[in-house]
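Beneath this line is the structure, given in structure tokens, with notes to follow.
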Number of protein chains: 2
Amino acid sequence: MGLKEILSQAKFAQVGFVVNNIEETKKKYALLFDCAEPVDFVCGEYSVMQTRVFGEPAPLANSRLAFFDLVPGVQLELIEPNQEPSVWRDHLNKYGEGIHHIAFSVDDATPVVEKLKEEFGAVVEQEGIYGDGSGRYIYLDLQKDLKCRVELLETFKK
Amino acid sequence: MGLKEILSQAKFAQVGFVVNNIEETKKKYALLFDCAEPVDFVCGEYSVMQTRVFGEPAPLANSRLAFFDLVPGVQLELIEPNQEPSVWRDHLNKYGEGIHHIAFSVDDATPVVEKLKEEFGAVVEQEGIYGDGSGRYIYLDLQKDLKCRVELLETFKK
């Protein structure tokens, strides 16, 4: 399959932020967007999530999440990581609060990851299952070629 | 006018990146999105742009720009700043290549800027007219409350 077939399924879905205090920041964004404060929630349990950081099981890495709609189909995600090493905590410690990634939803992440490794030197930083078991995410370091971290989001087919 | 009226007109429009070499990075993004490489161009002439950095005229601050569509109405912007102090060059020197801002298009930037100053402690970092004279942009530091830089984009009414 060529790059075109692989990536044409990718849909821009998210701008993700890491923050120190999700309660405070979600209040501000709710004020900005003049909407109700979204519920924030812990990502999930390791038994479901199977989080891996740089390929190693990371049972203690976790975060709280909250979402706002930017435009239909595109969300602003707030992430408050716990203190354990993760793609979230490491970014927060290194760069402070701010934009952490952009995300694309894809039908099948596996060939996209392979293609991004092949064509753009992508490095898988972290991956796991959604807390509710409905899909999976993969964070890829694409700083060298694309100047950012990209998250792939795959909803499992029922 | 309340926050609701002021901000309800704002439409998410852009994720902006600063890069060292726009030629190289736009090639990569064209490959990623499987599209033709967009033309990159110099922002414009100071006689039109009237660029101000922290309130002071900045006749030498400039950059090259290129745009990709992420979803209809939302663009990925690549910015290669020249060496003069600007909101672009300062970010690039301080943080390296990466995501620089998110942008919202608004009907009338003036009351939005006032409201963002009032409610979120926004600081105007840079502003100017589009190179073709068709509108204006304002960069606001909203790091404290919103954890990012926001750009407002206003197209002048004809």
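Here, A, B, ... name the chains of the structure tokens in the order displayed, residue numbers run from 1 inside each chain, and ligands are numbered from 1 in the same displayed order.
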Which residues of chain A come within 10 Å of chain B, and for each one, what is the closest pair of atoms and their distance in Å to one decimal, counting only C-alpha atoms, sorted by chain and residue number, as JSON lines?
{"residue": "A:Leu3", "atom": "CA", "partner": "B:Asp34", "partner_atom": "CA", "distance": 7.5}
{"residue": "A:Lys4", "atom": "CA", "partner": "B:Asp34", "partner_atom": "CA", "distance": 5.8}
{"residue": "A:Glu5", "atom": "CA", "partner": "B:Asp34", "partner_atom": "CA", "distance": 9.3}
{"residue": "A:Ile6", "atom": "CA", "partner": "B:Leu32", "partner_atom": "CA", "distance": 9.8}
{"residue": "A:Leu7", "atom": "CA", "partner": "B:Phe33", "partner_atom": "CA", "distance": 7.0}
{"residue": "A:Ser8", "atom": "CA", "partner": "B:Phe33", "partner_atom": "CA", "distance": 7.3}
{"residue": "A:Ala10", "atom": "CA", "partner": "B:Phe33", "partner_atom": "CA", "distance": 8.9}
{"residue": "A:Lys11", "atom": "CA", "partner": "B:Val71", "partner_atom": "CA", "distance": 7.7}
{"residue": "A:Phe12", "atom": "CA", "partner": "B:Leu70", "partner_atom": "CA", "distance": 6.0}
{"residue": "A:Ala13", "atom": "CA", "partner": "B:Val71", "partner_atom": "CA", "distance": 9.0}
{"residue": "A:Val15", "atom": "CA", "partner": "B:Val15", "partner_atom": "CA", "distance": 8.5}
{"residue": "A:Phe17", "atom": "CA", "partner": "B:Lys147", "partner_atom": "CA", "distance": 7.8}
{"residue": "A:Val18", "atom": "CA", "partner": "B:Lys147", "partner_atom": "CA", "distance": 8.5}
{"residue": "A:Val19", "atom": "CA", "partner": "B:Lys147", "partner_atom": "CA", "distance": 7.5}
{"residue": "A:Asn20", "atom": "CA", "partner": "B:Lys147", "partner_atom": "CA", "distance": 10.0}
{"residue": "A:Glu24", "atom": "CA", "partner": "B:Asp145", "partner_atom": "CA", "distance": 8.4}
{"residue": "A:Thr25", "atom": "CA", "partner": "B:Asp145", "partner_atom": "CA", "distance": 6.6}
{"residue": "A:Lys26", "atom": "CA", "partner": "B:Leu146", "partner_atom": "CA", "distance": 8.8}
{"residue": "A:Lys27", "atom": "CA", "partner": "B:Asp145", "partner_atom": "CA", "distance": 9.4}
{"residue": "A:Lys28", "atom": "CA", "partner": "B:Asp145", "partner_atom": "CA", "distance": 6.4}
{"residue": "A:Tyr29", "atom": "CA", "partner": "B:Leu146", "partner_atom": "CA", "distance": 6.8}
{"residue": "A:Leu31", "atom": "CA", "partner": "B:Leu3", "partner_atom": "CA", "distance": 8.0}
{"residue": "A:Leu32", "atom": "CA", "partner": "B:Leu7", "partner_atom": "CA", "distance": 7.0}
{"residue": "A:Phe33", "atom": "CA", "partner": "B:Leu7", "partner_atom": "CA", "distance": 7.0}
{"residue": "A:Asp34", "atom": "CA", "partner": "B:Lys4", "partner_atom": "CA", "distance": 5.8}
{"residue": "A:Cys35", "atom": "CA", "partner": "B:Lys4", "partner_atom": "CA", "distance": 9.2}
{"residue": "A:Asp69", "atom": "CA", "partner": "B:Phe12", "partner_atom": "CA", "distance": 9.8}
{"residue": "A:Leu70", "atom": "CA", "partner": "B:Phe12", "partner_atom": "CA", "distance": 6.0}
{"residue": "A:Val71", "atom": "CA", "partner": "B:Phe12", "partner_atom": "CA", "distance": 6.6}
{"residue": "A:Gly73", "atom": "CA", "partner": "B:Val71", "partner_atom": "CA", "distance": 9.3}
{"residue": "A:Val74", "atom": "CA", "partner": "B:Val71", "partner_atom": "CA", "distance": 8.9}
{"residue": "A:Tyr95", "atom": "CA", "partner": "B:Tyr95", "partner_atom": "CA", "distance": 8.2}
{"residue": "A:Gly96", "atom": "CA", "partner": "B:Lys147", "partner_atom": "CA", "distance": 9.1}
{"residue": "A:Glu97", "atom": "CA", "partner": "B:Lys147", "partner_atom": "CA", "distance": 5.9}
{"residue": "A:Gly98", "atom": "CA", "partner": "B:Lys147", "partner_atom": "CA", "distance": 4.9}
{"residue": "A:Ile99", "atom": "CA", "partner": "B:Cys148", "partner_atom": "CA", "distance": 6.8}
{"residue": "A:His100", "atom": "CA", "partner": "B:Ile99", "partner_atom": "CA", "distance": 8.7}
{"residue": "A:His101", "atom": "CA", "partner": "B:Ile99", "partner_atom": "CA", "distance": 8.6}
{"residue": "A:Ile102", "atom": "CA", "partner": "B:Val15", "partner_atom": "CA", "distance": 9.1}
{"residue": "A:Phe104", "atom": "CA", "partner": "B:Leu70", "partner_atom": "CA", "distance": 9.8}
{"residue": "A:Lys115", "atom": "CA", "partner": "B:Leu32", "partner_atom": "CA", "distance": 9.8}
{"residue": "A:Leu116", "atom": "CA", "partner": "B:Leu32", "partner_atom": "CA", "distance": 8.5}
{"residue": "A:Glu119", "atom": "CA", "partner": "B:Leu32", "partner_atom": "CA", "distance": 8.8}
{"residue": "A:Phe120", "atom": "CA", "partner": "B:Lys28", "partner_atom": "CA", "distance": 7.8}
{"residue": "A:Gln143", "atom": "CA", "partner": "B:Gly98", "partner_atom": "CA", "distance": 7.6}
{"residue": "A:Lys144", "atom": "CA", "partner": "B:Glu97", "partner_atom": "CA", "distance": 9.1}
{"residue": "A:Asp145", "atom": "CA", "partner": "B:Lys28", "partner_atom": "CA", "distance": 6.4}
{"residue": "A:Leu146", "atom": "CA", "partner": "B:Thr25", "partner_atom": "CA", "distance": 6.6}
{"residue": "A:Lys147", "atom": "CA", "partner": "B:Gly98", "partner_atom": "CA", "distance": 4.9}
{"residue": "A:Cys148", "atom": "CA", "partner": "B:Gly98", "partner_atom": "CA", "distance": 5.6}
{"residue": "A:Arg149", "atom": "CA", "partner": "B:Gly98", "partner_atom": "CA", "distance": 9.0}
- atom CA of A:Ala122 sits from atom CA of A:Leu142 at a separation of 5.1 Å
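The gap separating atom CA of B:Glu80 from atom CA of B:Met49 is 16.9 Å, in Å to one decimal.
If you count only C-alpha atoms and ignore residues fewer than 6 places along the chain from B:Val113, what sits within 9 Å of it is Ala122, Val123, Val124, Ile138, Leu140 and Leu152 of chain B.
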